[in-house]
file data-v4.cif (mmCIF, C-alpha atoms)
data_run
loop_
_atom_site.label_atom_id
_atom_site.label_comp_id
_atom_site.auth_asym_id
_atom_site.auth_seq_id
_atom_site.Cartn_x
_atom_site.Cartn_y
_atom_site.Cartn_z
CA MET A 556 25.44 -6.08 -24.02
CA SER A 557 23.77 -8.44 -26.48
CA SER A 558 24.20 -8.32 -30.22
CA ALA A 559 20.61 -7.24 -30.49
CA ASP A 560 21.20 -4.48 -28.02
CA SER A 561 22.41 -1.75 -30.28
CA LYS A 562 19.88 -2.58 -32.93
CA SER A 563 16.92 -3.13 -30.65
CA GLY A 564 17.12 -0.13 -28.36
CA SER A 565 13.63 1.06 -27.37
CA GLU A 566 12.64 4.66 -27.22
CA SER A 567 11.44 6.25 -23.96
CA ASN A 568 10.81 10.01 -23.83
CA GLY A 569 12.85 10.36 -26.98
CA LYS A 570 15.71 8.38 -25.40
CA LEU A 571 16.74 4.86 -26.42
CA LEU A 572 16.62 2.19 -23.71
CA ASN A 573 19.39 -0.40 -23.88
CA CYS A 574 19.23 -4.00 -22.66
CA ALA A 575 20.44 -3.15 -19.14
CA GLU A 576 17.68 -0.58 -18.74
CA ILE A 577 15.07 -2.95 -20.14
CA GLN A 578 16.24 -5.75 -17.83
CA ALA A 579 15.92 -3.41 -14.85
CA LEU A 580 12.25 -3.06 -15.80
CA LEU A 581 11.62 -6.74 -16.54
CA PHE A 582 10.33 -7.78 -13.12
CA ASP A 583 8.13 -4.68 -12.92
CA TYR A 584 6.83 -5.51 -16.39
CA MET A 585 6.08 -9.12 -15.47
CA ALA A 586 4.44 -7.98 -12.22
CA ARG A 587 2.27 -5.59 -14.28
CA GLU A 588 3.58 -2.60 -12.39
CA LEU A 589 4.66 -0.57 -15.42
CA GLY A 590 2.52 2.07 -17.03
CA GLU A 591 1.11 1.39 -20.49
CA GLY A 592 3.78 3.34 -22.34
CA ARG A 593 6.73 1.63 -20.72
CA SER A 594 5.04 -1.78 -20.91
CA ASP A 595 4.76 -1.32 -24.67
CA LEU A 596 8.44 -0.43 -24.84
CA VAL A 597 9.50 -3.53 -22.92
CA ARG A 598 7.14 -5.75 -24.93
CA GLU A 599 8.49 -4.35 -28.17
CA HIS A 600 12.10 -4.78 -27.02
CA LEU A 601 11.47 -8.36 -25.88
CA ARG A 602 10.04 -9.25 -29.27
CA ARG A 603 13.38 -8.50 -30.89
CA CYS A 604 16.04 -9.13 -28.20
CA ALA A 605 17.07 -12.72 -27.48
CA ALA A 606 19.21 -11.81 -24.45
CA CYS A 607 16.33 -10.02 -22.71
CA GLN A 608 13.95 -12.84 -23.65
CA LYS A 609 16.32 -15.23 -21.89
CA GLU A 610 16.42 -12.96 -18.85
CA ALA A 611 12.61 -12.77 -18.76
CA ALA A 612 12.34 -16.54 -19.10
CA GLU A 613 14.75 -16.93 -16.17
CA ILE A 614 12.59 -14.70 -13.96
CA GLY A 615 9.43 -16.53 -15.05
CA GLU A 616 11.06 -19.87 -14.28
CA MET A 617 12.14 -18.65 -10.85
CA VAL A 618 8.62 -17.47 -9.98
CA ARG A 619 7.18 -20.78 -11.19
CA ALA A 620 9.69 -22.73 -9.07
CA LEU A 621 8.83 -20.63 -6.02
CA HIS A 622 5.14 -21.42 -6.50
CA GLU A 623 5.92 -25.10 -6.93
CA ALA A 624 8.00 -25.14 -3.76
CA SER A 625 5.28 -23.61 -1.64
CA PRO A 626 1.82 -24.21 -3.11
CA ASP A 627 -1.11 -22.52 -1.36
CA GLY A 628 -2.64 -25.90 -0.45
CA ALA A 629 0.38 -26.84 1.66
CA ILE A 630 -0.25 -23.99 4.09
CA ASP A 631 -3.02 -23.72 6.69
CA GLU A 632 -5.94 -21.58 5.63
CA ARG A 633 -7.48 -21.30 9.08
CA LEU A 634 -6.28 -20.89 12.64
CA THR A 635 -6.64 -23.98 14.81
CA LYS A 636 -9.69 -24.25 17.13
CA GLU A 637 -7.60 -23.66 20.24
CA ARG A 638 -6.05 -20.52 18.80
CA ARG A 639 -9.42 -19.21 17.73
CA LYS A 640 -10.75 -19.78 21.24
CA ARG A 641 -7.81 -17.85 22.62
CA LEU A 642 -8.57 -15.02 20.17
CA VAL A 643 -12.22 -14.90 21.21
CA ARG A 644 -11.16 -14.64 24.84
CA ALA A 645 -8.61 -11.94 24.08
CA TYR A 646 -11.23 -9.98 22.17
CA MET A 647 -14.30 -10.43 24.38
CA HIS A 648 -12.61 -10.58 27.81
CA PRO A 649 -9.29 -8.74 27.58
CA MET A 650 -8.83 -8.56 31.36
CA LEU A 651 -9.37 -12.30 31.78
CA ASP A 652 -6.95 -12.93 28.95
CA TRP A 653 -4.35 -10.68 30.53
CA ILE A 654 -4.66 -12.60 33.80
CA TYR A 655 -4.39 -15.90 31.94
CA CYS A 656 -1.25 -14.75 30.13
CA HIS A 657 0.40 -13.42 33.25
CA HIS A 658 -0.78 -16.11 35.68
CA MET A 659 2.76 -16.96 36.81
CA MET A 660 3.57 -13.38 37.68
CA ILE A 661 0.20 -12.94 39.41
CA SER A 662 0.69 -16.18 41.39
CA ILE A 663 4.12 -15.10 42.60
CA PHE A 664 2.78 -11.67 43.55
CA ALA A 665 -0.19 -13.16 45.42
CA ALA A 666 2.03 -15.67 47.24
CA THR A 667 4.36 -12.85 48.32
CA LEU A 668 1.39 -10.85 49.61
CA VAL A 669 0.09 -13.83 51.60
CA LEU A 670 3.53 -14.42 53.13
CA ILE A 671 3.83 -10.78 54.16
CA ALA A 672 0.31 -10.84 55.66
CA VAL A 673 1.06 -14.00 57.67
CA LEU A 674 4.34 -12.52 58.94
CA VAL A 675 2.64 -9.32 60.04
CA ALA A 676 -0.16 -11.24 61.76
CA LEU A 677 2.34 -13.42 63.65
CA LEU A 678 4.29 -10.40 64.83
CA LYS A 679 1.14 -8.64 65.99
CA THR A 680 -0.18 -11.59 67.99
CA LYS A 681 3.29 -11.96 69.64
CA VAL A 682 3.46 -15.64 69.02
CA TRP A 683 7.16 -15.06 69.36
CA THR A 684 9.12 -11.99 70.40
CA VAL A 685 12.04 -10.53 68.68
CA GLY A 686 14.87 -9.60 71.06
CA PRO A 687 17.32 -11.14 73.61
CA PRO A 688 16.00 -14.19 75.48
CA SER A 689 14.89 -13.70 79.08
CA ASP A 690 17.59 -14.39 81.73
CA MET A 691 15.05 -15.82 84.12
CA GLY A 692 16.07 -19.39 84.86
CA LEU A 693 13.73 -22.23 85.68
CA THR A 694 14.21 -24.21 88.88
CA VAL A 695 12.60 -27.57 89.37
CA THR A 696 12.45 -29.02 92.89
CA ILE A 697 10.94 -32.30 93.89
CA GLY A 698 10.14 -32.23 97.57
CA ARG A 699 8.70 -34.75 100.03
CA ASP A 700 7.94 -32.32 102.89
CA ASN A 701 4.55 -31.38 101.66
CA GLY A 702 4.19 -34.43 99.49
CA ALA A 703 4.65 -32.71 96.13
CA GLY A 704 7.38 -31.17 94.00
CA SER A 705 7.28 -27.66 92.60
CA VAL A 706 8.50 -25.68 89.65
CA THR A 707 9.61 -22.13 90.43
CA ASN A 708 11.16 -19.58 88.21
CA ALA A 709 13.89 -17.35 89.58
CA ALA A 710 11.49 -14.53 90.34
CA GLY A 711 9.39 -16.84 92.44
CA GLY A 712 6.28 -16.57 90.29
CA ASN A 713 4.38 -19.09 88.19
CA ARG A 714 4.38 -21.74 90.81
CA SER A 715 2.98 -25.06 89.79
CA THR A 716 2.92 -28.40 91.51
CA ILE A 717 4.11 -31.75 90.35
CA PRO A 718 2.16 -34.60 91.98
CA GLU A 719 4.28 -37.09 93.99
CA PRO A 720 4.36 -40.57 92.52
CA PRO A 721 2.12 -43.02 94.35
CA ARG A 722 3.76 -44.82 97.30
CA SER A 723 4.47 -48.48 97.01
CA ASP A 724 2.84 -50.78 99.57
CA PHE A 725 5.91 -52.99 99.66
CA MET B 602 -30.58 -1.73 28.47
CA ILE B 603 -30.09 -5.48 28.31
CA ASN B 604 -31.03 -5.45 24.66
CA SER B 605 -28.52 -2.74 23.84
CA ARG B 606 -25.82 -4.67 25.71
CA LYS B 607 -26.75 -7.79 23.77
CA ASP B 608 -26.65 -5.84 20.50
CA LEU B 609 -23.26 -4.45 21.40
CA LYS B 610 -21.93 -7.91 22.14
CA GLN B 611 -23.41 -9.24 18.90
CA ALA B 612 -21.83 -6.39 16.92
CA LYS B 613 -18.49 -7.09 18.59
CA ILE B 614 -18.68 -10.77 17.68
CA GLU B 615 -19.57 -9.94 14.10
CA ALA B 616 -16.65 -7.51 13.80
CA PHE B 617 -14.33 -10.16 15.21
CA GLU B 618 -15.56 -12.81 12.77
CA ALA B 619 -15.32 -10.43 9.82
CA VAL B 620 -11.73 -9.41 10.52
CA VAL B 621 -10.40 -12.84 11.51
CA SER B 622 -12.08 -14.67 8.62
CA GLU B 623 -10.88 -12.09 6.13
CA TYR B 624 -7.22 -12.04 7.12
CA GLU B 625 -6.34 -15.33 8.81
CA GLY B 626 -5.75 -17.16 5.49
CA PRO B 627 -3.53 -14.53 3.85
CA LEU B 628 -1.59 -13.96 7.08
CA LEU B 629 -1.06 -17.69 7.62
CA ARG B 630 0.23 -18.04 4.04
CA TYR B 631 2.49 -15.04 4.45
CA ALA B 632 3.93 -16.10 7.82
CA GLY B 633 4.11 -19.74 6.71
CA ARG B 634 6.24 -18.83 3.71
CA LEU B 635 8.57 -16.65 5.69
CA LEU B 636 8.94 -19.16 8.50
CA THR B 637 8.41 -22.51 6.68
CA ASP B 638 6.86 -23.78 9.90
CA ARG B 639 3.10 -24.24 10.32
CA ASP B 640 2.97 -24.06 14.11
CA ALA B 641 5.20 -21.02 14.22
CA ALA B 642 3.03 -19.35 11.58
CA GLN B 643 -0.10 -20.12 13.63
CA ASP B 644 1.52 -18.60 16.72
CA VAL B 645 2.63 -15.50 14.87
CA VAL B 646 -0.81 -14.94 13.35
CA GLN B 647 -2.58 -15.52 16.66
CA ASN B 648 -0.33 -12.98 18.39
CA THR B 649 -0.83 -10.54 15.54
CA PHE B 650 -4.61 -10.62 16.03
CA ILE B 651 -4.26 -10.27 19.80
CA LYS B 652 -2.12 -7.16 19.29
CA LEU B 653 -4.74 -5.83 16.90
CA PHE B 654 -7.51 -6.25 19.49
CA ARG B 655 -5.42 -4.56 22.16
CA ARG B 656 -4.09 -1.67 20.14
CA TRP B 657 -6.56 -0.85 17.37
CA LYS B 658 -8.43 2.22 18.54
CA ASP B 659 -10.75 2.80 15.56
CA GLU B 660 -13.75 0.74 14.59
CA LEU B 661 -12.65 -2.81 13.83
CA LYS B 662 -13.60 -3.86 10.30
CA PRO B 663 -11.77 -5.18 7.24
CA SER B 664 -10.00 -2.28 5.52
CA PRO B 665 -6.73 -1.59 3.69
CA GLN B 666 -5.40 0.09 6.86
CA VAL B 667 -6.15 -2.96 9.01
CA SER B 668 -4.66 -5.21 6.32
CA SER B 669 -1.38 -3.25 6.15
CA TRP B 670 -1.19 -3.07 9.92
CA LEU B 671 -1.69 -6.82 10.24
CA TYR B 672 0.94 -7.67 7.63
CA ARG B 673 3.42 -5.30 9.28
CA VAL B 674 2.90 -6.78 12.74
CA ALA B 675 2.96 -10.35 11.37
CA HIS B 676 6.22 -9.57 9.61
CA ASN B 677 7.78 -8.21 12.81
CA GLY B 678 6.56 -11.27 14.69
CA ALA B 679 8.03 -13.57 12.04
CA VAL B 680 11.38 -11.73 12.14
CA ASP B 681 11.51 -12.04 15.93
CA TYR B 682 10.72 -15.74 15.66
CA LEU B 683 13.41 -16.27 13.00
CA ARG B 684 16.03 -14.53 15.13
CA LYS B 685 15.23 -16.76 18.09
CA GLU B 686 15.08 -19.79 15.83
CA ASN B 687 18.47 -19.00 14.29
CA ARG B 688 20.04 -18.94 17.72
CA ARG B 689 18.36 -22.24 18.59
CA ARG B 690 19.36 -23.75 15.23
CA ASP B 691 23.01 -22.86 15.84
CA LEU B 692 22.81 -24.78 19.08
CA HIS B 693 21.10 -27.75 17.42
CA GLN B 694 23.64 -27.83 14.61
CA ARG B 695 26.45 -27.88 17.12
CA HIS B 696 24.63 -30.68 18.94
CA ALA B 697 24.06 -32.59 15.68
CA ARG B 698 27.75 -32.33 14.80
CA GLU B 699 28.67 -33.68 18.20
CA HIS B 700 25.92 -36.37 18.22
CA PRO B 701 25.19 -37.51 14.64
CA GLU B 702 23.04 -40.41 15.96
CA PHE B 703 20.26 -37.89 16.80
CA ALA B 704 20.00 -36.44 13.27
CA PRO B 705 16.32 -36.07 12.13
CA ALA B 706 14.93 -38.75 9.84
CA ASP B 707 14.19 -38.17 6.14
CA ARG B 708 10.63 -36.80 5.82
CA GLY B 709 9.83 -38.94 2.78
CA ASP B 710 8.71 -38.41 -0.81
CA ALA B 711 5.57 -36.44 0.10
CA PHE B 712 7.74 -33.51 1.10
CA ARG B 713 10.04 -33.59 -1.92
CA VAL B 714 9.71 -31.00 -4.64
CA SER B 715 11.57 -30.70 -7.91
CA GLU B 716 15.22 -29.75 -7.87
CA ASP B 717 14.39 -26.36 -9.38
CA ALA B 718 11.86 -25.62 -6.66
CA HIS B 719 14.27 -26.76 -3.99
CA ARG B 720 16.97 -24.49 -5.41
CA ALA B 721 14.54 -21.56 -5.71
CA VAL B 722 13.60 -21.83 -2.05
CA LYS B 723 17.27 -22.06 -1.08
CA ALA B 724 17.98 -18.97 -3.16
CA LEU B 725 15.06 -17.18 -1.48
CA ARG B 726 16.49 -18.04 1.95
CA GLU B 727 19.82 -16.47 0.92
CA LEU B 728 18.13 -13.08 0.65
CA SER B 729 17.87 -10.63 3.52
CA LEU B 730 14.63 -10.72 5.54
CA ARG B 731 13.51 -7.44 3.96
CA GLU B 732 14.05 -8.87 0.45
CA GLN B 733 12.29 -12.11 1.39
CA GLN B 734 9.36 -10.11 2.72
CA LEU B 735 9.00 -8.20 -0.53
CA VAL B 736 9.39 -11.28 -2.74
CA VAL B 737 6.78 -13.22 -0.72
CA LEU B 738 4.34 -10.30 -0.83
CA LYS B 739 4.80 -9.84 -4.56
CA VAL B 740 5.18 -13.38 -5.86
CA TYR B 741 2.80 -15.26 -3.57
CA GLU B 742 0.41 -12.64 -2.22
CA GLU B 743 0.38 -10.72 -5.51
CA LYS B 744 0.25 -7.38 -3.75
CA SER B 745 0.79 -4.22 -5.75
CA TYR B 746 3.93 -2.17 -5.20
CA ARG B 747 1.76 0.46 -3.51
CA GLU B 748 0.35 -2.06 -1.02
CA ILE B 749 3.80 -3.52 -0.37
CA ALA B 750 5.18 -0.02 0.21
CA GLU B 751 2.50 0.59 2.82
CA ILE B 752 3.09 -2.71 4.58
CA ALA B 753 6.88 -2.43 4.57
CA GLY B 754 7.01 1.30 5.28
CA LEU B 755 8.94 2.01 2.06
CA THR B 756 8.37 4.19 -0.97
CA VAL B 757 6.95 2.60 -4.13
CA SER B 758 10.19 3.20 -6.04
CA ASN B 759 12.18 1.61 -3.21
CA VAL B 760 9.99 -1.48 -3.42
CA GLY B 761 10.68 -1.77 -7.16
CA TYR B 762 14.41 -1.27 -6.62
CA ILE B 763 14.69 -3.85 -3.81
CA LEU B 764 12.60 -6.40 -5.72
CA HIS B 765 14.64 -5.96 -8.88
CA HIS B 766 17.87 -6.54 -6.96
CA ALA B 767 16.38 -9.44 -4.99
CA MET B 768 15.40 -11.19 -8.23
CA LYS B 769 18.85 -10.55 -9.69
CA LYS B 770 20.47 -11.99 -6.58
CA MET B 771 18.21 -15.05 -6.69
CA ALA B 772 18.97 -15.61 -10.37
CA ALA B 773 22.72 -15.37 -9.67
CA THR B 774 22.43 -17.81 -6.73
CA LEU B 775 20.45 -20.26 -8.87
CA ARG B 776 23.03 -20.07 -11.68
CA GLU B 777 25.81 -20.68 -9.17
CA MET B 778 23.98 -23.68 -7.69
CA LYS B 779 23.41 -25.21 -11.11
CA GLU B 780 27.06 -24.70 -12.08
CA ASN B 781 28.24 -26.28 -8.82
CA GLU B 782 25.95 -29.27 -9.35
CA ALA B 783 27.12 -29.69 -12.93
#

call {"tool": "encode", "arguments": {"input": "data-v4.cif", "output": "structure tokens"}}
result
Amino acid sequence: MSSADSKSGSESNGKLLNCAEIQALLFDYMARELGEGRSDLVREHLRRCAACQKEAAEIGEMVRALHEASPDGAIDERLTKERRKRLVRAYMHPMLDWIYCHHMMISIFAATLVLIAVLVALLKTKVWTVGPPSDMGLTVTIGRDNGAGSVTNAAGGNRSTIPEPPRSDF
Amino acid sequence: MINSRKDLKQAKIEAFEAVVSEYEGPLLRYAGRLLTDRDAAQDVVQNTFIKLFRRWKDELKPSPQVSSWLYRVAHNGAVDYLRKENRRRDLHQRHAREHPEFAPADRGDAFRVSEDAHRAVKALRELSLREQQLVVLKVYEEKSYREIAEIAGLTVSNVGYILHHAMKKMAATLREMKENEA
């Protein structure tokens, strides 16, 4: 407690405010957040109390230093053009914006759908069959009796002919 | 029919312009001071507006409700950014300790402020995010305790209490810094 404390107590609702109580109100006072009555009390106290004056000066100095460290001019006042464009899109075309934002997820989903569709189509057209391979062997014979070779599967079906190579005149 | 659609579109554009023009500056200052990074502040403010367009159900026009909502969302965005940034910074610091040759260059005189200002900003950064929010809103944005209470979701007396203690903490940190330097 300062020397001025006991002498310079300020009265609030019939009760004297000491330096600690005044200092608790100092920032509110400087921010103009105190009512008229309490502002007068703090002002009156500050006029007479050196310790509280020092405290108030310290707060004032701190606020000034904060303003100096980050002046308004050093900070952007407007959003960049690109960001504004993005905002316009988000506001006017929310669905388009959602697609734009989630394009990776949508691409992966679409690619998965296409893959599934292709797989289903291939299975339906029986380009290949799923199951054990057929045990039907393939026999290839090259004969001279009738002048041509033949390819026969074990069941005797699918007969096709292989033309005999041309004879040499020598 | 076409005219009414055109009118609707025009009204929408006007509402957009009114809200963005009114709040982009204050929000950029607010986020910029919390984050001390221009690009990050731009991102946070952009995302704040996008959230507003998606979630605001009433008529869109500048109002104290819209203002409080925007500050609240910008603050949450800034806090999220800072948390991510802190994690990244820890990694960078570890990297810088291991590889001092990659340390960033001095930014030059243009970025230097007085020692007092430098100390004040350091003292501000020592505060909790809640305290920083209140100090920035009061000192820079000059909001009233009532407005701050609405933005931060606190009571008016809580705002006064937190600010008083934040200023006391900052003063103590500044004194300590000066003593250490002396």

call {"tool": "residues_around", "arguments": {"input": "data-v4.cif", "residues": "Arg639 (chain A)", "least_positions_apart": "4", "cutoff": "9 Å", "atoms": "all atoms listed in the file", "output": "MDAnalysis selection string"}}
result
(chainID A and resid 634:635 643:644) or (chainID B and resid 621 647)

call {"tool": "resolve_selection", "arguments": {"input": "data-v4.cif", "expression": "the PyMOL selection byres ((chain A and resi 579) around 10)", "output": "list in words"}}
result
Cys574, Ala575, Glu576, Ile577, Gln578, Leu580, Leu581, Phe582, Asp583 and Tyr584 of chain A; Gly761, Tyr762, His765, His766 and Lys769 of chain B

call {"tool": "resolve_selection", "arguments": {"input": "data-v4.cif", "expression": "the PyMOL selection byres ((chain A) within 10 of (chain B))", "output": "PyMOL selection string"}}
result
chain A and resi 578-583+586-588+610+613-614+616-635+638-639+641-647+649+652

call {"tool": "write_last_selection", "arguments": {"input": "data-v4.cif", "atoms": "C-alpha atoms", "output": "short mmCIF file (atom, residue, chain, number, x, y, z; two decimals), in the coordinates of the input"}}
result
data_model
loop_
_atom_site.label_atom_id
_atom_site.label_comp_id
_atom_site.auth_asym_id
_atom_site.auth_seq_id
_atom_site.Cartn_x
_atom_site.Cartn_y
_atom_site.Cartn_z
CA GLN A 578 16.24 -5.75 -17.83
CA ALA A 579 15.92 -3.41 -14.85
CA LEU A 580 12.25 -3.06 -15.80
CA LEU A 581 11.62 -6.74 -16.54
CA PHE A 582 10.33 -7.78 -13.12
CA ASP A 583 8.13 -4.68 -12.92
CA ALA A 586 4.44 -7.98 -12.22
CA ARG A 587 2.27 -5.59 -14.28
CA GLU A 588 3.58 -2.60 -12.39
CA GLU A 610 16.42 -12.96 -18.85
CA GLU A 613 14.75 -16.93 -16.17
CA ILE A 614 12.59 -14.70 -13.96
CA GLU A 616 11.06 -19.87 -14.28
CA MET A 617 12.14 -18.65 -10.85
CA VAL A 618 8.62 -17.47 -9.98
CA ARG A 619 7.18 -20.78 -11.19
CA ALA A 620 9.69 -22.73 -9.07
CA LEU A 621 8.83 -20.63 -6.02
CA HIS A 622 5.14 -21.42 -6.50
CA GLU A 623 5.92 -25.10 -6.93
CA ALA A 624 8.00 -25.14 -3.76
CA SER A 625 5.28 -23.61 -1.64
CA PRO A 626 1.82 -24.21 -3.11
CA ASP A 627 -1.11 -22.52 -1.36
CA GLY A 628 -2.64 -25.90 -0.45
CA ALA A 629 0.38 -26.84 1.66
CA ILE A 630 -0.25 -23.99 4.09
CA ASP A 631 -3.02 -23.72 6.69
CA GLU A 632 -5.94 -21.58 5.63
CA ARG A 633 -7.48 -21.30 9.08
CA LEU A 634 -6.28 -20.89 12.64
CA THR A 635 -6.64 -23.98 14.81
CA ARG A 638 -6.05 -20.52 18.80
CA ARG A 639 -9.42 -19.21 17.73
CA ARG A 641 -7.81 -17.85 22.62
CA LEU A 642 -8.57 -15.02 20.17
CA VAL A 643 -12.22 -14.90 21.21
CA ARG A 644 -11.16 -14.64 24.84
CA ALA A 645 -8.61 -11.94 24.08
CA TYR A 646 -11.23 -9.98 22.17
CA MET A 647 -14.30 -10.43 24.38
CA PRO A 649 -9.29 -8.74 27.58
CA ASP A 652 -6.95 -12.93 28.95
#

call {"tool": "resolve_selection", "arguments": {"input": "data-v4.cif", "expression": "the PyMOL selection byres ((chain B and resi 669-682) around 7)", "output": "list in words"}}
result
Leu628, Ala632, Leu636, Val645, Val646, Thr649, Pro665, Gln666, Val667, Ser668, Leu683, Arg684, Lys685, Glu686, Glu751, Ile752 and Ala753 of chain B

call {"tool": "write_last_selection", "arguments": {"input": "data-v4.cif", "atoms": "C-alpha atoms", "output": "CSV table (one decimal), in the frame of the given file"}}
result
chain,number,residue,atom,x,y,z
B,628,LEU,CA,-1.6,-14.0,7.1
B,632,ALA,CA,3.9,-16.1,7.8
B,636,LEU,CA,8.9,-19.2,8.5
B,645,VAL,CA,2.6,-15.5,14.9
B,646,VAL,CA,-0.8,-14.9,13.4
B,649,THR,CA,-0.8,-10.5,15.5
B,665,PRO,CA,-6.7,-1.6,3.7
B,666,GLN,CA,-5.4,0.1,6.9
B,667,VAL,CA,-6.2,-3.0,9.0
B,668,SER,CA,-4.7,-5.2,6.3
B,683,LEU,CA,13.4,-16.3,13.0
B,684,ARG,CA,16.0,-14.5,15.1
B,685,LYS,CA,15.2,-16.8,18.1
B,686,GLU,CA,15.1,-19.8,15.8
B,751,GLU,CA,2.5,0.6,2.8
B,752,ILE,CA,3.1,-2.7,4.6
B,753,ALA,CA,6.9,-2.4,4.6

call {"tool": "atom_distance", "arguments": {"input": "data-v4.cif", "atom1": "CA of Ala611 (chain A)", "atom2": "CA of Ser729 (chain B)"}}
result
23.0 Å

call {"tool": "atom_distance", "arguments": {"input": "data-v4.cif", "atom1": "CA of Ala619 (chain B)", "atom2": "CA of Ala641 (chain B)"}}
result
23.5 Å

call {"tool": "closest_residue", "arguments": {"input": "data-v4.cif", "among": "B:Gly754, B:Glu732, B:Glu623, B:Glu742", "to": "Lys770 (chain B)", "atoms": "all atoms listed in the file"}}
result
B:Glu732

call {"tool": "atom_distance", "arguments": {"input": "data-v4.cif", "atom1": "CA of Gly590 (chain A)", "atom2": "CA of Ala773 (chain B)"}}
result
27.7 Å

call {"tool": "build_atoms", "arguments": {"input": "data-v4.cif", "residues": "region 671-682 of chain A", "atoms": "N, CA and C atoms", "output": "compact mmCIF listing (two decimals), keeping the file's coordinate frame"}}
result
# COMPACT_ATOMS: atom_id res chain seq x y z
N ILE A 671 3.66 -12.02 53.39
CA ILE A 671 3.83 -10.78 54.16
C ILE A 671 2.70 -10.65 55.19
N ALA A 672 1.46 -10.95 54.76
CA ALA A 672 0.31 -10.84 55.66
C ALA A 672 0.46 -11.78 56.85
N VAL A 673 0.89 -13.01 56.59
CA VAL A 673 1.06 -14.00 57.67
C VAL A 673 2.14 -13.52 58.64
N LEU A 674 3.23 -13.00 58.10
CA LEU A 674 4.34 -12.52 58.94
C LEU A 674 3.87 -11.39 59.84
N VAL A 675 3.14 -10.46 59.26
CA VAL A 675 2.64 -9.32 60.04
C VAL A 675 1.69 -9.79 61.13
N ALA A 676 0.81 -10.72 60.79
CA ALA A 676 -0.16 -11.24 61.76
C ALA A 676 0.56 -11.93 62.92
N LEU A 677 1.59 -12.71 62.60
CA LEU A 677 2.34 -13.42 63.65
C LEU A 677 3.04 -12.43 64.57
N LEU A 678 3.60 -11.39 64.01
CA LEU A 678 4.29 -10.40 64.83
C LEU A 678 3.31 -9.66 65.74
N LYS A 679 2.13 -9.38 65.20
CA LYS A 679 1.14 -8.64 65.99
C LYS A 679 0.59 -9.47 67.14
N THR A 680 0.38 -10.75 66.93
CA THR A 680 -0.18 -11.59 67.99
C THR A 680 0.90 -12.05 68.96
N LYS A 681 2.15 -11.66 68.75
CA LYS A 681 3.29 -11.96 69.64
C LYS A 681 3.41 -13.45 69.92
N VAL A 682 3.25 -14.20 68.87
CA VAL A 682 3.46 -15.64 69.02
C VAL A 682 4.91 -15.86 69.39
